[in-house]
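The file model_6.cif contains mmCIF, C-alpha atoms; chains and numbers go by the auth columns:
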data_model
#
loop_
_atom_site.group_PDB
_atom_site.id
_atom_site.type_symbol
_atom_site.label_atom_id
_atom_site.label_comp_id
_atom_site.label_asym_id
_atom_site.label_seq_id
_atom_site.Cartn_x
_atom_site.Cartn_y
_atom_site.Cartn_z
_atom_site.B_iso_or_equiv
_atom_site.auth_seq_id
_atom_site.auth_asym_id
ATOM 1 C CA GLU A 1 99.321 99.267 101.813 0.00 1 I
ATOM 2 C CA ASP A 2 97.575 96.687 103.974 0.00 2 I
ATOM 3 C CA GLN A 3 93.931 96.298 103.050 0.00 3 I
ATOM 4 C CA VAL A 4 90.961 94.105 103.904 0.00 4 I
ATOM 5 C CA THR A 5 87.845 93.995 101.717 0.00 5 I
ATOM 6 C CA GLN A 6 84.685 92.117 102.624 0.00 6 I
ATOM 7 C CA SER A 7 81.849 91.111 100.326 0.00 7 I
ATOM 8 C CA PRO A 8 78.981 91.349 100.068 0.00 8 I
ATOM 9 C CA GLU A 9 78.278 94.429 102.216 0.00 9 I
ATOM 10 C CA ALA A 10 74.854 93.041 103.074 0.00 10 I
ATOM 11 C CA LEU A 11 73.321 89.594 102.743 0.00 11 I
ATOM 12 C CA ARG A 12 69.741 88.487 103.298 0.00 12 I
ATOM 13 C CA LEU A 13 69.049 84.794 103.694 0.00 13 I
ATOM 14 C CA GLN A 14 66.054 82.691 104.482 0.00 14 I
ATOM 15 C CA GLU A 15 66.402 80.460 107.509 0.00 15 I
ATOM 16 C CA GLY A 16 68.168 77.283 106.414 0.00 16 I
ATOM 17 C CA GLU A 17 69.655 78.864 103.275 0.00 17 I
ATOM 18 C CA SER A 18 73.423 78.294 103.419 0.00 18 I
ATOM 19 C CA SER A 19 75.873 80.864 102.055 0.00 19 I
ATOM 20 C CA SER A 20 79.403 82.256 102.327 0.00 20 I
ATOM 21 C CA LEU A 21 80.947 85.584 103.245 0.00 21 I
ATOM 22 C CA ASN A 22 84.212 86.629 101.630 0.00 22 I
ATOM 23 C CA CYS A 23 87.213 88.475 103.076 0.00 23 I
ATOM 24 C CA SER A 24 90.010 89.405 100.661 0.00 24 I
ATOM 25 C CA TYR A 25 93.244 90.740 102.134 0.00 25 I
ATOM 26 C CA THR A 26 96.498 92.343 101.109 0.00 26 I
ATOM 27 C CA VAL A 27 99.095 92.455 103.855 0.00 27 I
ATOM 28 C CA SER A 28 102.879 92.455 104.058 0.00 28 I
ATOM 29 C CA GLY A 29 103.218 89.063 105.700 0.00 29 I
ATOM 30 C CA LEU A 30 100.130 87.626 107.355 0.00 30 I
ATOM 31 C CA ARG A 31 100.378 86.592 110.990 0.00 31 I
ATOM 32 C CA GLY A 32 96.694 85.909 111.552 0.00 32 I
ATOM 33 C CA LEU A 33 93.237 86.454 110.127 0.00 33 I
ATOM 34 C CA PHE A 34 90.424 87.015 112.606 0.00 34 I
ATOM 35 C CA TRP A 35 86.665 86.760 112.322 0.00 35 I
ATOM 36 C CA TYR A 36 84.431 88.653 114.717 0.00 36 I
ATOM 37 C CA ARG A 37 80.678 88.937 115.083 0.00 37 I
ATOM 38 C CA GLN A 38 79.131 92.252 116.068 0.00 38 I
ATOM 39 C CA ASP A 39 75.533 92.652 117.209 0.00 39 I
ATOM 40 C CA PRO A 40 73.903 96.114 117.123 0.00 40 I
ATOM 41 C CA GLY A 41 75.014 98.266 120.038 0.00 41 I
ATOM 42 C CA LYS A 42 77.650 95.763 121.188 0.00 42 I
ATOM 43 C CA GLY A 43 81.347 95.187 120.846 0.00 43 I
ATOM 44 C CA PRO A 44 82.878 92.706 118.386 0.00 44 I
ATOM 45 C CA GLU A 45 82.788 89.137 119.677 0.00 45 I
ATOM 46 C CA PHE A 46 85.693 86.884 118.745 0.00 46 I
ATOM 47 C CA LEU A 47 84.871 83.866 116.558 0.00 47 I
ATOM 48 C CA PHE A 48 88.008 82.439 114.907 0.00 48 I
ATOM 49 C CA THR A 49 91.687 82.945 114.229 0.00 49 I
ATOM 50 C CA LEU A 50 93.324 81.402 111.154 0.00 50 I
ATOM 51 C CA TYR A 51 97.086 81.422 110.720 0.00 51 I
ATOM 52 C CA SER A 52 97.995 79.530 107.557 0.00 52 I
ATOM 53 C CA ALA A 53 96.560 78.734 104.140 0.00 53 I
ATOM 54 C CA GLY A 54 94.467 75.591 104.179 0.00 54 I
ATOM 55 C CA GLU A 55 93.490 76.001 107.815 0.00 55 I
ATOM 56 C CA GLU A 56 89.814 75.564 108.719 0.00 56 I
ATOM 57 C CA LYS A 57 87.912 76.162 111.953 0.00 57 I
ATOM 58 C CA GLU A 58 84.321 75.406 112.874 0.00 58 I
ATOM 59 C CA LYS A 59 81.889 76.552 115.502 0.00 59 I
ATOM 60 C CA GLU A 60 78.277 75.421 115.389 0.00 60 I
ATOM 61 C CA ARG A 61 76.901 76.566 111.991 0.00 61 I
ATOM 62 C CA LEU A 62 80.014 78.575 111.107 0.00 62 I
ATOM 63 C CA LYS A 63 83.124 77.391 109.303 0.00 63 I
ATOM 64 C CA ALA A 64 86.062 79.644 108.442 0.00 64 I
ATOM 65 C CA THR A 65 88.648 78.812 105.783 0.00 65 I
ATOM 66 C CA LEU A 66 91.829 80.550 104.654 0.00 66 I
ATOM 67 C CA THR A 67 93.791 80.775 101.410 0.00 67 I
ATOM 68 C CA LYS A 68 96.792 82.966 100.594 0.00 68 I
ATOM 69 C CA LYS A 69 94.544 85.769 99.379 0.00 69 I
ATOM 70 C CA GLU A 70 91.191 85.392 101.081 0.00 70 I
ATOM 71 C CA SER A 71 89.084 83.833 103.767 0.00 71 I
ATOM 72 C CA PHE A 72 85.543 82.539 103.665 0.00 72 I
ATOM 73 C CA LEU A 73 83.032 82.309 106.445 0.00 73 I
ATOM 74 C CA HIS A 74 80.563 79.584 105.525 0.00 74 I
ATOM 75 C CA ILE A 75 77.200 79.615 107.256 0.00 75 I
ATOM 76 C CA THR A 76 75.321 76.345 107.092 0.00 76 I
ATOM 77 C CA ALA A 77 71.553 76.293 107.623 0.00 77 I
ATOM 78 C CA PRO A 78 71.521 79.716 109.323 0.00 78 I
ATOM 79 C CA LYS A 79 69.008 80.697 111.973 0.00 79 I
ATOM 80 C CA PRO A 80 67.611 84.163 112.729 0.00 80 I
ATOM 81 C CA GLU A 81 69.958 84.421 115.725 0.00 81 I
ATOM 82 C CA ASP A 82 72.900 84.355 113.303 0.00 82 I
ATOM 83 C CA SER A 83 71.849 87.820 112.112 0.00 83 I
ATOM 84 C CA ALA A 84 74.721 90.217 112.851 0.00 84 I
ATOM 85 C CA THR A 85 77.599 92.058 111.222 0.00 85 I
ATOM 86 C CA TYR A 86 80.592 89.805 110.585 0.00 86 I
ATOM 87 C CA LEU A 87 83.974 91.497 110.663 0.00 87 I
ATOM 88 C CA CYS A 88 87.236 90.236 109.225 0.00 88 I
ATOM 89 C CA ALA A 89 90.618 91.562 110.374 0.00 89 I
ATOM 90 C CA VAL A 90 94.304 90.760 109.813 0.00 90 I
ATOM 91 C CA THR A 91 97.562 91.320 111.651 0.00 91 I
ATOM 92 C CA ARG A 92 101.066 91.421 110.244 0.00 92 I
ATOM 93 C CA SER A 93 103.818 88.972 111.015 0.00 93 I
ATOM 94 C CA GLY A 94 107.364 89.606 112.176 0.00 94 I
ATOM 95 C CA SER A 95 108.874 92.673 113.764 0.00 95 I
ATOM 96 C CA SER A 96 106.294 94.892 112.089 0.00 96 I
ATOM 97 C CA ASN A 97 103.570 93.239 114.127 0.00 97 I
ATOM 98 C CA THR A 98 102.398 95.819 116.619 0.00 98 I
ATOM 99 C CA GLY A 99 99.186 93.953 117.413 0.00 99 I
ATOM 100 C CA LYS A 100 97.289 96.299 115.124 0.00 100 I
ATOM 101 C CA LEU A 101 94.126 94.732 113.713 0.00 101 I
ATOM 102 C CA ILE A 102 93.294 95.927 110.196 0.00 102 I
ATOM 103 C CA PHE A 103 89.565 95.535 109.710 0.00 103 I
ATOM 104 C CA GLY A 104 87.334 95.167 106.691 0.00 104 I
ATOM 105 C CA GLN A 105 84.089 97.098 106.501 0.00 105 I
ATOM 106 C CA GLY A 106 82.000 94.100 107.510 0.00 106 I
ATOM 107 C CA THR A 107 79.144 92.065 106.062 0.00 107 I
ATOM 108 C CA THR A 108 75.725 92.591 107.611 0.00 108 I
ATOM 109 C CA LEU A 109 73.800 89.336 107.586 0.00 109 I
ATOM 110 C CA GLN A 110 70.049 89.155 108.040 0.00 110 I
ATOM 111 C CA VAL A 111 68.406 85.751 108.365 0.00 111 I
ATOM 112 C CA LYS A 112 64.646 85.728 108.012 0.00 112 I
ATOM 113 C CA PRO A 113 62.490 83.006 109.570 0.00 113 I
ATOM 114 C CA ASP B 1 81.754 88.471 134.964 0.00 114 K
ATOM 115 C CA THR B 2 82.534 91.280 132.523 0.00 115 K
ATOM 116 C CA ALA B 3 85.919 90.740 130.838 0.00 116 K
ATOM 117 C CA VAL B 4 86.419 94.175 129.256 0.00 117 K
ATOM 118 C CA SER B 5 84.249 96.986 130.554 0.00 118 K
ATOM 119 C CA GLN B 6 83.905 100.611 129.540 0.00 119 K
ATOM 120 C CA THR B 7 82.269 103.626 131.142 0.00 120 K
ATOM 121 C CA PRO B 8 80.201 105.452 130.230 0.00 121 K
ATOM 122 C CA LYS B 9 78.200 103.589 127.585 0.00 122 K
ATOM 123 C CA TYR B 10 76.774 106.829 126.206 0.00 123 K
ATOM 124 C CA LEU B 11 78.356 110.278 126.299 0.00 124 K
ATOM 125 C CA VAL B 12 76.653 113.372 124.902 0.00 125 K
ATOM 126 C CA THR B 13 78.541 116.644 125.128 0.00 126 K
ATOM 127 C CA GLN B 14 79.052 120.031 123.538 0.00 127 K
ATOM 128 C CA MET B 15 81.817 121.017 121.149 0.00 128 K
ATOM 129 C CA GLY B 16 84.895 122.295 122.919 0.00 129 K
ATOM 130 C CA ASN B 17 84.391 120.243 126.076 0.00 130 K
ATOM 131 C CA ASP B 18 86.916 117.793 127.538 0.00 131 K
ATOM 132 C CA LYS B 19 85.796 114.256 128.336 0.00 132 K
ATOM 133 C CA SER B 20 87.211 110.912 129.403 0.00 133 K
ATOM 134 C CA ILE B 21 86.271 107.297 128.703 0.00 134 K
ATOM 135 C CA LYS B 22 87.425 104.579 131.077 0.00 135 K
ATOM 136 C CA CYS B 23 88.304 100.982 130.271 0.00 136 K
ATOM 137 C CA GLU B 24 89.061 98.094 132.595 0.00 137 K
ATOM 138 C CA GLN B 25 89.857 94.445 131.891 0.00 138 K
ATOM 139 C CA ASN B 26 89.864 91.600 134.422 0.00 139 K
ATOM 140 C CA LEU B 27 91.461 89.031 132.096 0.00 140 K
ATOM 141 C CA GLY B 28 95.018 89.546 133.335 0.00 141 K
ATOM 142 C CA HIS B 29 96.073 90.726 129.865 0.00 142 K
ATOM 143 C CA ASP B 30 99.227 92.761 129.240 0.00 143 K
ATOM 144 C CA THR B 31 98.049 94.691 126.176 0.00 144 K
ATOM 145 C CA MET B 32 95.149 97.100 125.759 0.00 145 K
ATOM 146 C CA TYR B 33 93.846 99.036 122.764 0.00 146 K
ATOM 147 C CA TRP B 34 91.505 101.831 121.725 0.00 147 K
ATOM 148 C CA TYR B 35 89.590 101.606 118.448 0.00 148 K
ATOM 149 C CA LYS B 36 87.218 104.074 116.798 0.00 149 K
ATOM 150 C CA GLN B 37 84.187 102.888 114.822 0.00 150 K
ATOM 151 C CA ASP B 38 82.738 105.457 112.459 0.00 151 K
ATOM 152 C CA SER B 39 79.180 105.790 111.192 0.00 152 K
ATOM 153 C CA LYS B 40 79.888 103.211 108.461 0.00 153 K
ATOM 154 C CA LYS B 41 80.928 100.731 111.150 0.00 154 K
ATOM 155 C CA PHE B 42 84.558 100.779 110.026 0.00 155 K
ATOM 156 C CA LEU B 43 86.858 99.971 112.946 0.00 156 K
ATOM 157 C CA LYS B 44 90.252 101.643 113.099 0.00 157 K
ATOM 158 C CA ILE B 45 92.931 101.371 115.760 0.00 158 K
ATOM 159 C CA MET B 46 93.928 104.506 117.650 0.00 159 K
ATOM 160 C CA PHE B 47 96.326 103.376 120.378 0.00 160 K
ATOM 161 C CA SER B 48 97.791 100.296 121.963 0.00 161 K
ATOM 162 C CA TYR B 49 99.590 99.894 125.269 0.00 162 K
ATOM 163 C CA ASN B 50 101.724 96.913 126.207 0.00 163 K
ATOM 164 C CA ASN B 51 102.694 96.649 129.866 0.00 164 K
ATOM 165 C CA LYS B 52 101.757 100.316 130.294 0.00 165 K
ATOM 166 C CA GLU B 53 104.026 101.334 127.404 0.00 166 K
ATOM 167 C CA LEU B 54 102.588 103.085 124.338 0.00 167 K
ATOM 168 C CA ILE B 55 103.123 100.908 121.247 0.00 168 K
ATOM 169 C CA ILE B 56 100.814 102.334 118.579 0.00 169 K
ATOM 170 C CA ASN B 57 99.690 105.901 118.035 0.00 170 K
ATOM 171 C CA GLU B 58 97.897 105.910 114.707 0.00 171 K
ATOM 172 C CA THR B 59 97.868 109.471 113.378 0.00 172 K
ATOM 173 C CA VAL B 60 95.389 110.473 116.017 0.00 173 K
ATOM 174 C CA PRO B 61 95.061 114.208 116.810 0.00 174 K
ATOM 175 C CA ASN B 62 96.970 115.121 119.935 0.00 175 K
ATOM 176 C CA ARG B 63 93.653 116.160 121.484 0.00 176 K
ATOM 177 C CA PHE B 64 93.349 112.444 122.228 0.00 177 K
ATOM 178 C CA SER B 65 95.537 111.232 125.071 0.00 178 K
ATOM 179 C CA PRO B 66 95.509 107.686 126.423 0.00 179 K
ATOM 180 C CA LYS B 67 96.572 107.000 129.972 0.00 180 K
ATOM 181 C CA SER B 68 97.355 103.629 131.493 0.00 181 K
ATOM 182 C CA PRO B 69 97.593 103.800 135.301 0.00 182 K
ATOM 183 C CA ASP B 70 98.153 100.028 135.454 0.00 183 K
ATOM 184 C CA LYS B 71 97.937 97.000 133.164 0.00 184 K
ATOM 185 C CA ALA B 72 94.230 96.511 133.843 0.00 185 K
ATOM 186 C CA HIS B 73 93.174 100.040 132.903 0.00 186 K
ATOM 187 C CA LEU B 74 93.458 102.200 129.793 0.00 187 K
ATOM 188 C CA ASN B 75 91.607 105.490 129.784 0.00 188 K
ATOM 189 C CA LEU B 76 91.053 107.852 126.874 0.00 189 K
ATOM 190 C CA HIS B 77 90.954 111.587 127.449 0.00 190 K
ATOM 191 C CA ILE B 78 89.738 113.886 124.698 0.00 191 K
ATOM 192 C CA ASN B 79 90.310 117.648 124.774 0.00 192 K
ATOM 193 C CA SER B 80 88.396 120.302 122.842 0.00 193 K
ATOM 194 C CA LEU B 81 85.862 117.909 121.374 0.00 194 K
ATOM 195 C CA GLU B 82 84.862 118.401 117.738 0.00 195 K
ATOM 196 C CA LEU B 83 81.806 117.281 115.778 0.00 196 K
ATOM 197 C CA GLY B 84 83.948 114.771 113.880 0.00 197 K
ATOM 198 C CA ASP B 85 84.841 113.009 117.114 0.00 198 K
ATOM 199 C CA SER B 86 81.318 111.586 117.257 0.00 199 K
ATOM 200 C CA ALA B 87 81.693 107.812 116.941 0.00 200 K
ATOM 201 C CA VAL B 88 81.688 104.626 118.966 0.00 201 K
ATOM 202 C CA TYR B 89 84.938 104.010 120.838 0.00 202 K
ATOM 203 C CA PHE B 90 85.930 100.460 121.718 0.00 203 K
ATOM 204 C CA CYS B 91 88.487 99.279 124.186 0.00 204 K
ATOM 205 C CA ALA B 92 90.093 95.866 123.671 0.00 205 K
ATOM 206 C CA SER B 93 92.700 93.729 125.381 0.00 206 K
ATOM 207 C CA SER B 94 94.920 90.775 124.528 0.00 207 K
ATOM 208 C CA LEU B 95 97.182 88.498 126.550 0.00 208 K
ATOM 209 C CA GLN B 96 100.255 89.666 124.661 0.00 209 K
ATOM 210 C CA LEU B 97 100.794 92.033 121.740 0.00 210 K
ATOM 211 C CA LYS B 98 100.238 89.363 119.062 0.00 211 K
ATOM 212 C CA ASP B 99 97.321 87.526 120.619 0.00 212 K
ATOM 213 C CA THR B 100 93.577 87.534 120.036 0.00 213 K
ATOM 214 C CA GLN B 101 91.909 90.784 121.066 0.00 214 K
ATOM 215 C CA TYR B 102 88.738 90.878 123.130 0.00 215 K
ATOM 216 C CA PHE B 103 86.531 93.927 122.906 0.00 216 K
ATOM 217 C CA GLY B 104 84.493 95.916 125.377 0.00 217 K
ATOM 218 C CA PRO B 105 80.868 96.982 124.814 0.00 218 K
ATOM 219 C CA GLY B 106 81.761 100.391 123.385 0.00 219 K
ATOM 220 C CA THR B 107 81.118 104.028 124.294 0.00 220 K
ATOM 221 C CA ARG B 108 78.925 106.023 121.945 0.00 221 K
ATOM 222 C CA LEU B 109 80.191 109.608 121.921 0.00 222 K
ATOM 223 C CA THR B 110 77.958 112.301 120.459 0.00 223 K
ATOM 224 C CA VAL B 111 79.330 115.819 120.107 0.00 224 K
ATOM 225 C CA LEU B 112 76.697 118.521 119.580 0.00 225 K
#

Written as structure tokens, how would this file's structure read?
Amino acid sequence: EDQVTQSPEALRLQEGESSSLNCSYTVSGLRGLFWYRQDPGKGPEFLFTLYSAGEEKEKERLKATLTKKESFLHITAPKPEDSATYLCAVTRSGSSNTGKLIFGQGTTLQVKP
Amino acid sequence: DTAVSQTPKYLVTQMGNDKSIKCEQNLGHDTMYWYKQDSKKFLKIMFSYNNKELIINETVPNRFSPKSPDKAHLNLHINSLELGDSAVYFCASSLQLKDTQYFGPGTRLTVL
């Protein structure tokens, strides 16, 4: 069964303290792995899509990487405005791809000034 | 300009009532989705429509019925609301079935 597991569930950092969020996945043929950011009371906001092992993408203080079993979201020198819940999701490849996103439970990040 | 919009943002109703949530996207996308986010913030797909055709119906009770009048709209009608239906419902859209999905702001449904 397809499954996405994120760790840790919650992470508290001091401003400037770099860290990584983990997303482990089990899927019958990966088409894409997606990272979203969700602020309280809002919808998920798209950050990155990764398609193949070894791929990396960056946006400001965020860098996403992908291996055959997991993805990391590295946060370098975070600021309080980076506080949010970060969601990881995968889609299947091939004819079984119905566009369905399979989400993890999220990591809630709090960055203190 | 709002890309994916939903109305209402909050919906409070009694058990047994029937209610609808509306979703509209102005991105020119062909595919639209409904997701449910439970109290633990876990997001799970309910339905997807591609070019007004139902693609996914994920073991959702038949009290839930999506309707797509055109490619820019996907509404969700819920009959005989139950306490367990309380959640946040998100609409999303993507250019095609396999593309990146963009989410609306959500509708918080509370059933009393």

Within 10 Å of (100.4, 87.7, 124.9), in the coordinates the file gives, what residues turn up when you count only C-alpha atoms, written out as a compact mmCIF listing (two decimals) with C-alpha atoms, keeping the file's coordinate frame?
# COMPACT_ATOMS: atom_id res chain seq x y z
CA GLY I 99 99.19 93.95 117.41
CA HIS K 142 96.07 90.73 129.86
CA ASP K 143 99.23 92.76 129.24
CA THR K 144 98.05 94.69 126.18
CA ASN K 163 101.72 96.91 126.21
CA SER K 206 92.70 93.73 125.38
CA SER K 207 94.92 90.78 124.53
CA LEU K 208 97.18 88.50 126.55
CA GLN K 209 100.26 89.67 124.66
CA LEU K 210 100.79 92.03 121.74
CA LYS K 211 100.24 89.36 119.06
CA ASP K 212 97.32 87.53 120.62
CA THR K 213 93.58 87.53 120.04
CA GLN K 214 91.91 90.78 121.07

Evaluating the PyMOL selection byres ((chain K) within 9 of (chain I)) on the displayed file yields which residues, as a PyMOL selection string? chain K and resi 144+146+153-158+160-161+168-169+203-204+207+209-219+221

Hits of the PyMOL selection byres ((chain I and resi 57) around 12) in this structure, as a ChimeraX atom specification: /I:33-35,47-56,58-66,71-74

What separates atom CA of I:Asp39 and atom CA of I:Lys79 is a distance of 14.6 Å

Excluding K:Ala200 and its own-chain neighbours fewer than 4 positions away, which residues fall within 8 Å of it when counting all atoms listed in the file? Please give them as a PyMOL selection string. chain K and resi 149-152+221-223

Could you spell out the hits of the PyMOL selection byres ((chain I and resi 7) around 10) on the shown file, as an MDAnalysis selection string? chainID I and resid 5:6 8:11 20:24 72 104:108

Take every atom of stretch 177-180 of chain K listed in the file, pad by 6 Å on each side, and give me the axis-aligned box centre and edge lengths in Å, one decimal, as lines of an AutoDock Vina configuration file.
center_x = 95.0
center_y = 109.7
center_z = 126.1
size_x = 15.2
size_y = 17.4
size_z = 19.7

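Our summary of the geometry notes that atom CA of I:Tyr86 is positioned 15.3 Å from atom CA of I:Ser18.
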
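The spacing separating atom CA of K:Thr115 from atom CA of I:Val111 amounts to 28.5 Å.
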
Restricting to only C-alpha atoms, whichever of K:Glu166, K:Tyr202, K:Ser193, K:Thr220 is closest to K:Asn130 is K:Ser193

Which residue, K:Ala205, K:Gln138, K:Pro121, K:Ser199, has the smallest gap to K:Leu225 when you use only C-alpha atoms? K:Ser199

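Using only C-alpha atoms, the protein and nucleic acid residues lying no more than 6 Å from stretch 25-29 of chain I, apart from those fewer than 2 places from it along its own chain, are I:Asp2, I:Gln3, I:Val4, I:Lys69, I:Glu70, I:Arg92, I:Ser93.
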
Closest of K:Val224, K:Ser133, K:Gly141, K:Val125 to K:Pro179 - atom-to-atom distances counting only C-alpha atoms: K:Ser133

Excluding K:Leu194 and residues on its chain fewer than 6 positions from it, collect all residues at most 9 Å away from it, counting all atoms listed in the file, and give them as a VMD selection string. chain K and resid 126 to 132 176 224
